[in-house]
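K.L.:
One file: target-v2.cif (mmCIF, C-alpha atoms).
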```cif
data_upload
#
loop_
_atom_site.group_PDB
_atom_site.id
_atom_site.type_symbol
_atom_site.label_atom_id
_atom_site.label_comp_id
_atom_site.auth_asym_id
_atom_site.auth_seq_id
_atom_site.Cartn_x
_atom_site.Cartn_y
_atom_site.Cartn_z
ATOM 1 C CA MET D 100 -60.252 3.690 11.836
ATOM 2 C CA ARG D 101 -57.648 2.600 14.426
ATOM 3 C CA VAL D 102 -54.874 3.266 11.932
ATOM 4 C CA VAL D 103 -56.143 6.820 11.327
ATOM 5 C CA ILE D 104 -56.513 7.601 15.041
ATOM 6 C CA GLY D 105 -53.148 6.029 15.815
ATOM 7 C CA SER D 106 -51.486 8.095 13.083
ATOM 8 C CA LEU D 107 -53.111 11.267 14.408
ATOM 9 C CA LEU D 108 -51.948 10.559 17.959
ATOM 10 C CA ILE D 109 -48.374 9.907 16.804
ATOM 11 C CA GLY D 110 -48.472 13.164 14.810
ATOM 12 C CA LEU D 111 -49.701 15.083 17.867
ATOM 13 C CA ILE D 112 -46.932 13.649 20.025
ATOM 14 C CA PHE D 113 -44.322 14.950 17.599
ATOM 15 C CA ALA D 114 -46.099 18.296 17.078
ATOM 16 C CA ALA D 115 -46.744 19.107 20.760
ATOM 17 C CA PRO D 116 -43.195 20.195 21.678
ATOM 18 C CA SER D 117 -43.060 22.599 18.741
ATOM 19 C CA LEU D 118 -46.451 24.033 19.683
ATOM 20 C CA GLN D 119 -45.401 24.579 23.289
ATOM 21 C CA GLY D 120 -42.073 26.303 22.752
ATOM 22 C CA SER D 121 -42.635 27.735 19.303
ATOM 23 C CA SER D 122 -39.370 28.700 17.652
ATOM 24 C CA ARG D 123 -38.225 30.664 20.706
ATOM 25 C CA GLY D 124 -37.281 27.595 22.722
ATOM 26 C CA GLU D 125 -36.843 26.854 26.400
ATOM 27 C CA PRO D 126 -35.498 30.253 27.568
ATOM 28 C CA PHE D 127 -38.650 31.940 26.241
ATOM 29 C CA MET D 128 -40.855 29.437 28.024
ATOM 30 C CA LEU D 129 -38.914 29.966 31.255
ATOM 31 C CA THR D 130 -39.418 33.741 31.052
ATOM 32 C CA ASN D 131 -43.197 33.578 30.711
ATOM 33 C CA GLY D 132 -43.548 34.597 34.360
ATOM 34 C CA CYS D 133 -41.499 37.729 33.641
ATOM 35 C CA ILE D 134 -43.812 39.008 30.898
ATOM 36 C CA ASN D 135 -46.473 40.432 33.233
ATOM 37 C CA CYS D 136 -44.065 42.963 34.704
ATOM 38 C CA HIS D 137 -41.256 43.380 32.173
ATOM 39 C CA GLY D 138 -43.321 43.196 28.979
ATOM 40 C CA PHE D 139 -43.633 40.576 26.264
ATOM 41 C CA ALA D 140 -40.397 41.519 24.479
ATOM 42 C CA GLY D 141 -38.575 42.732 27.589
ATOM 43 C CA GLN D 142 -39.820 46.303 27.029
ATOM 44 C CA ARG D 143 -41.768 48.228 29.617
ATOM 45 C CA THR D 144 -43.950 51.219 28.999
ATOM 46 C CA PRO D 145 -43.243 54.090 31.395
ATOM 47 C CA GLY D 146 -43.552 53.051 35.004
ATOM 48 C CA ALA D 147 -41.523 51.818 37.937
ATOM 49 C CA ILE D 148 -40.440 48.528 36.320
ATOM 50 C CA PRO D 149 -37.348 48.357 34.088
ATOM 51 C CA SER D 150 -37.071 47.190 30.512
ATOM 52 C CA LEU D 151 -34.723 44.209 30.251
ATOM 53 C CA ALA D 152 -34.269 43.889 26.489
ATOM 54 C CA GLY D 153 -30.694 44.374 25.371
ATOM 55 C CA GLN D 154 -29.194 44.665 28.838
ATOM 56 C CA SER D 155 -25.740 43.186 29.283
ATOM 57 C CA GLU D 156 -25.899 39.441 29.935
ATOM 58 C CA ALA D 157 -23.286 39.785 32.706
ATOM 59 C CA TYR D 158 -25.261 42.560 34.405
ATOM 60 C CA LEU D 159 -28.567 40.672 34.181
ATOM 61 C CA TYR D 160 -27.073 37.467 35.542
ATOM 62 C CA ARG D 161 -25.372 39.246 38.442
ATOM 63 C CA THR D 162 -28.594 41.097 39.270
ATOM 64 C CA LEU D 163 -30.758 37.954 39.173
ATOM 65 C CA VAL D 164 -28.318 36.105 41.435
ATOM 66 C CA ALA D 165 -28.353 39.042 43.865
ATOM 67 C CA TYR D 166 -32.171 38.953 43.976
ATOM 68 C CA ARG D 167 -32.151 35.189 44.491
ATOM 69 C CA ASP D 168 -29.507 35.341 47.225
ATOM 70 C CA GLY D 169 -31.107 38.347 48.958
ATOM 71 C CA THR D 170 -28.134 40.705 48.529
ATOM 72 C CA ARG D 171 -30.365 42.992 46.458
ATOM 73 C CA GLN D 172 -33.894 43.800 47.506
ATOM 74 C CA GLY D 173 -36.876 44.129 45.189
ATOM 75 C CA THR D 174 -40.607 44.249 45.661
ATOM 76 C CA ILE D 175 -41.244 40.811 44.163
ATOM 77 C CA MET D 176 -37.951 39.809 42.564
ATOM 78 C CA ASN D 177 -36.511 38.119 45.652
ATOM 79 C CA ARG D 178 -39.485 35.767 45.862
ATOM 80 C CA ALA D 179 -39.635 35.319 42.077
ATOM 81 C CA MET D 180 -35.981 34.204 41.831
ATOM 82 C CA GLN D 181 -36.065 31.751 44.749
ATOM 83 C CA GLY D 182 -35.511 28.201 43.626
ATOM 84 C CA TYR D 183 -33.782 29.006 40.340
ATOM 85 C CA ASP D 184 -30.334 27.523 39.862
ATOM 86 C CA ASP D 185 -27.394 29.335 38.247
ATOM 87 C CA HIS D 186 -27.971 27.604 34.898
ATOM 88 C CA THR D 187 -31.556 28.867 34.671
ATOM 89 C CA LEU D 188 -30.570 32.398 35.706
ATOM 90 C CA ARG D 189 -27.923 32.353 32.963
ATOM 91 C CA GLN D 190 -30.655 31.344 30.496
ATOM 92 C CA PHE D 191 -32.830 34.277 31.623
ATOM 93 C CA ALA D 192 -29.888 36.666 31.268
ATOM 94 C CA ALA D 193 -28.924 35.329 27.840
ATOM 95 C CA TYR D 194 -32.498 35.496 26.559
ATOM 96 C CA TYR D 195 -33.149 39.100 27.617
ATOM 97 C CA SER D 196 -29.707 40.328 26.564
ATOM 98 C CA ARG D 197 -30.394 39.187 22.994
ATOM 99 C CA LEU D 198 -33.734 40.973 22.638
ATOM 100 C CA PRO D 199 -33.574 44.252 20.667
ATOM 101 C CA LYS D 200 -33.674 47.570 22.501
ATOM 102 C CA VAL D 201 -36.590 49.816 21.595
ATOM 103 C CA PRO D 202 -37.144 53.401 22.791
ATOM 104 C CA VAL D 203 -40.027 53.811 25.229
ATOM 105 C CA GLY D 204 -40.596 57.521 24.683
ATOM 106 C CA LYS D 205 -39.585 60.599 22.781
ATOM 107 C CA ALA D 206 -37.226 63.191 24.212
ATOM 108 C CA VAL D 207 -37.974 66.903 23.943
ATOM 109 C CA PRO D 208 -35.482 68.342 21.395
ATOM 110 C CA LEU D 209 -33.741 70.769 23.789
ATOM 111 C CA ALA D 210 -33.682 68.214 26.601
ATOM 112 C CA HIS D 211 -32.457 65.686 24.064
ATOM 113 C CA ARG D 212 -29.439 67.783 23.066
ATOM 114 C CA GLN D 213 -28.619 68.800 26.637
ATOM 115 C CA GLY D 214 -29.284 65.300 27.929
ATOM 116 C CA GLU D 215 -27.069 63.787 25.255
ATOM 117 C CA ARG D 216 -24.230 66.112 26.297
ATOM 118 C CA LEU D 217 -24.713 65.258 29.969
ATOM 119 C CA TYR D 218 -24.841 61.536 29.212
ATOM 120 C CA ALA D 219 -21.621 61.677 27.196
ATOM 121 C CA GLN D 220 -19.923 63.707 29.915
ATOM 122 C CA HIS D 221 -21.084 61.819 33.012
ATOM 123 C CA CYS D 222 -22.474 58.377 32.143
ATOM 124 C CA SER D 223 -21.338 56.750 28.902
ATOM 125 C CA SER D 224 -17.887 55.669 30.058
ATOM 126 C CA CYS D 225 -19.446 53.148 32.458
ATOM 127 C CA HIS D 226 -22.909 52.463 31.038
ATOM 128 C CA GLU D 227 -21.690 51.679 27.531
ATOM 129 C CA LYS D 228 -18.226 50.272 28.057
ATOM 130 C CA GLN D 229 -18.478 48.072 31.162
ATOM 131 C CA ALA D 230 -20.353 44.778 30.919
ATOM 132 C CA ASP D 231 -21.318 44.742 34.591
ATOM 133 C CA THR D 232 -23.240 48.030 34.444
ATOM 134 C CA PRO D 233 -26.767 48.354 33.057
ATOM 135 C CA TYR D 234 -27.441 49.842 29.653
ATOM 136 C CA VAL D 235 -29.624 52.823 30.502
ATOM 137 C CA LYS D 236 -30.584 54.280 27.119
ATOM 138 C CA GLY D 237 -34.243 53.580 26.388
ATOM 139 C CA GLN D 238 -35.071 52.948 30.042
ATOM 140 C CA ASN D 239 -38.175 54.806 31.187
ATOM 141 C CA ALA D 240 -37.617 57.976 33.204
ATOM 142 C CA GLN D 241 -39.941 57.015 36.069
ATOM 143 C CA TYR D 242 -38.005 53.808 36.674
ATOM 144 C CA MET D 243 -34.679 55.663 36.501
ATOM 145 C CA GLN D 244 -35.915 58.278 38.996
ATOM 146 C CA GLY D 245 -36.885 55.463 41.364
ATOM 147 C CA VAL D 246 -33.444 53.873 41.060
ATOM 148 C CA LEU D 247 -31.704 57.184 41.734
ATOM 149 C CA GLN D 248 -33.996 57.802 44.717
ATOM 150 C CA ASP D 249 -33.188 54.338 46.100
ATOM 151 C CA MET D 250 -29.484 55.094 45.704
ATOM 152 C CA ALA D 251 -29.821 58.488 47.364
ATOM 153 C CA THR D 252 -31.604 56.949 50.371
ATOM 154 C CA GLY D 253 -29.229 53.986 50.652
ATOM 155 C CA GLN D 254 -31.743 51.321 49.616
ATOM 156 C CA ARG D 255 -29.466 50.541 46.689
ATOM 157 C CA THR D 256 -25.738 50.935 46.552
ATOM 158 C CA MET D 257 -24.221 53.509 44.239
ATOM 159 C CA PRO D 258 -20.680 53.100 42.927
ATOM 160 C CA GLU D 259 -18.347 55.923 43.927
ATOM 161 C CA GLU D 260 -17.890 57.014 40.299
ATOM 162 C CA MET D 261 -21.658 57.370 39.904
ATOM 163 C CA ALA D 262 -22.041 59.277 43.159
ATOM 164 C CA SER D 263 -19.397 61.740 41.969
ATOM 165 C CA ALA D 264 -21.059 62.161 38.569
ATOM 166 C CA MET D 265 -24.547 62.607 40.049
ATOM 167 C CA ALA D 266 -23.326 65.175 42.595
ATOM 168 C CA THR D 267 -22.436 67.554 39.754
ATOM 169 C CA LEU D 268 -25.962 67.588 38.248
ATOM 170 C CA ASP D 269 -28.656 70.031 39.319
ATOM 171 C CA GLY D 270 -32.372 69.145 39.176
ATOM 172 C CA GLU D 271 -32.937 70.529 35.669
ATOM 173 C CA GLU D 272 -29.903 68.709 34.295
ATOM 174 C CA LEU D 273 -31.094 65.463 35.856
ATOM 175 C CA LEU D 274 -34.494 65.855 34.157
ATOM 176 C CA GLN D 275 -32.784 66.542 30.808
ATOM 177 C CA LEU D 276 -30.592 63.476 31.261
ATOM 178 C CA LEU D 277 -33.600 61.281 32.107
ATOM 179 C CA ALA D 278 -35.576 62.609 29.108
ATOM 180 C CA TYR D 279 -32.643 61.814 26.835
ATOM 181 C CA LEU D 280 -32.263 58.304 28.232
ATOM 182 C CA GLN D 281 -35.943 57.524 27.827
ATOM 183 C CA GLY D 282 -36.037 58.653 24.207
ATOM 184 C CA CYS D 283 -32.839 56.960 23.118
ATOM 185 C CA THR D 284 -31.699 53.364 22.682
ATOM 186 C CA GLN D 285 -28.738 53.502 20.360
ATOM 187 C CA GLU D 286 -26.374 56.075 18.931
ATOM 188 C CA ALA D 287 -28.083 56.222 15.531
ATOM 189 C CA ALA D 288 -31.452 56.936 17.164
ATOM 190 C CA CYS D 289 -29.962 59.620 19.392
ATOM 191 C CA ARG D 290 -28.886 61.970 16.628
#
```
Would you mind writing the structure in this file as structure tokens?

P.N.:
Amino acid sequence: MRVVIGSLLIGLIFAAPSLQGSSRGEPFMLTNGCINCHGFAGQRTPGAIPSLAGQSEAYLYRTLVAYRDGTRQGTIMNRAMQGYDDHTLRQFAAYYSRLPKVPVGKAVPLAHRQGERLYAQHCSSCHEKQADTPYVKGQNAQYMQGVLQDMATGQRTMPEEMASAMATLDGEELLQLLAYLQGCTQEAACR
């Protein structure tokens, strides 16, 4: 009987780490606290919280450090990032950057075509080609409106290039752009 129990205990000792982390590993386990707000796979349904899946690793890392250091303000993110070292924040950024992007909504066809044109004209040169800017396709419109409002009121800084681009859009164009962004995550899905 002792041999059987001893064998079972040894088996459990070796099995426990694989049960805890599954095949996703340590970065997944570290991000468990993020799931409540940012969704299980880094995707948020419409609301005021962003989707993180597929964002640039450089952008995510820089943003997490800014929350931790207090140079960027968030409702809970400053408190949530306190105590994490650079290595752990890099793990968070790497994990979420590797998750696949998934659209959170469908764009209205006319808004989709107009929004696609506006995106190509005003946004894509930074948001697709620069690693330190967020990838905005597939992000929910309510969150994006909140970000733009924060930028307009000075609660968040807006790069000069973005301020210039946004100044040329009227209210209807902005809504078309946001509808396009929400319904689109990659070029193939946008056409």

K.L.:
What residues come out when you apply the PyMOL selection byres ((chain D and resi 160) around 10) to this file, written as a list in words?

P.N.:
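With the PyMOL selection byres ((chain D and resi 160) around 10) on this model, the match is Ser155, Glu156, Ala157, Tyr158, Leu159, Arg161, Thr162, Leu163, Val164, Ala165, Tyr166, Asp185, His186, Thr187, Leu188, Arg189, Gln190, Phe191, Ala192, Ala193, Ser196 and Asp231 of chain D.
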
K.L.:
Record the distance separating CA of Gln213 (chain D) and CA of Leu268 (chain D), expressed in Å with one decimal.

P.N.:
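That distance, rounded to one decimal, is 12.0 Å.
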
K.L.:
Starting from the displayed file, determine the output of the PyMOL selection byres ((chain D and resi 134-137) around 10) and express the residue list as a PDB file with C-alpha atoms, in the coordinates of the input.

P.N.:
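File produced: result-v7.pdb:
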```pdb
ATOM      1  CA  PHE D 127     -38.650  31.940  26.241  1.00  0.00           C
ATOM      2  CA  THR D 130     -39.418  33.741  31.052  1.00  0.00           C
ATOM      3  CA  ASN D 131     -43.197  33.578  30.711  1.00  0.00           C
ATOM      4  CA  GLY D 132     -43.548  34.597  34.360  1.00  0.00           C
ATOM      5  CA  CYS D 133     -41.499  37.729  33.641  1.00  0.00           C
ATOM      6  CA  GLY D 138     -43.321  43.196  28.979  1.00  0.00           C
ATOM      7  CA  PHE D 139     -43.633  40.576  26.264  1.00  0.00           C
ATOM      8  CA  ALA D 140     -40.397  41.519  24.479  1.00  0.00           C
ATOM      9  CA  GLY D 141     -38.575  42.732  27.589  1.00  0.00           C
ATOM     10  CA  GLN D 142     -39.820  46.303  27.029  1.00  0.00           C
ATOM     11  CA  ARG D 143     -41.768  48.228  29.617  1.00  0.00           C
ATOM     12  CA  THR D 144     -43.950  51.219  28.999  1.00  0.00           C
ATOM     13  CA  ALA D 147     -41.523  51.818  37.937  1.00  0.00           C
ATOM     14  CA  ILE D 148     -40.440  48.528  36.320  1.00  0.00           C
ATOM     15  CA  PRO D 149     -37.348  48.357  34.088  1.00  0.00           C
ATOM     16  CA  SER D 150     -37.071  47.190  30.512  1.00  0.00           C
ATOM     17  CA  LEU D 151     -34.723  44.209  30.251  1.00  0.00           C
ATOM     18  CA  ALA D 152     -34.269  43.889  26.489  1.00  0.00           C
TER      19      ALA D 152
END
```

K.L.:
What does the distance between CA of Gln154 (chain D) and CA of Lys228 (chain D) come to in Å, to one decimal place?

P.N.:
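About the pair CA of Gln154 (chain D) and CA of Lys228 (chain D): they are 12.3 Å apart.
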
K.L.:
At what distance in Å, to one decimal, does CA of Pro233 (chain D) lie from CA of Leu276 (chain D)?

P.N.:
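Taking CA of Leu276 (chain D) as the start and CA of Pro233 (chain D) as the end point, the length is 15.7 Å.
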
K.L.:
Need to verify the contact set: Cys225 (chain D), 12 Å, all atoms listed in the file, exclusion of same-chain residues closer than 3 positions in sequence. Can you return it as a PDB file with C-alpha atoms, in the frame of the given file?

P.N.:
```pdb
ATOM      1  CA  TYR D 218     -24.841  61.536  29.212  1.00  0.00           C
ATOM      2  CA  ALA D 219     -21.621  61.677  27.196  1.00  0.00           C
ATOM      3  CA  GLN D 220     -19.923  63.707  29.915  1.00  0.00           C
ATOM      4  CA  HIS D 221     -21.084  61.819  33.012  1.00  0.00           C
ATOM      5  CA  CYS D 222     -22.474  58.377  32.143  1.00  0.00           C
ATOM      6  CA  LYS D 228     -18.226  50.272  28.057  1.00  0.00           C
ATOM      7  CA  GLN D 229     -18.478  48.072  31.162  1.00  0.00           C
ATOM      8  CA  ALA D 230     -20.353  44.778  30.919  1.00  0.00           C
ATOM      9  CA  ASP D 231     -21.318  44.742  34.591  1.00  0.00           C
ATOM     10  CA  THR D 232     -23.240  48.030  34.444  1.00  0.00           C
ATOM     11  CA  PRO D 233     -26.767  48.354  33.057  1.00  0.00           C
ATOM     12  CA  TYR D 234     -27.441  49.842  29.653  1.00  0.00           C
ATOM     13  CA  VAL D 235     -29.624  52.823  30.502  1.00  0.00           C
ATOM     14  CA  PRO D 258     -20.680  53.100  42.927  1.00  0.00           C
ATOM     15  CA  GLU D 259     -18.347  55.923  43.927  1.00  0.00           C
ATOM     16  CA  GLU D 260     -17.890  57.014  40.299  1.00  0.00           C
ATOM     17  CA  MET D 261     -21.658  57.370  39.904  1.00  0.00           C
ATOM     18  CA  ALA D 264     -21.059  62.161  38.569  1.00  0.00           C
TER      19      ALA D 264
END
```
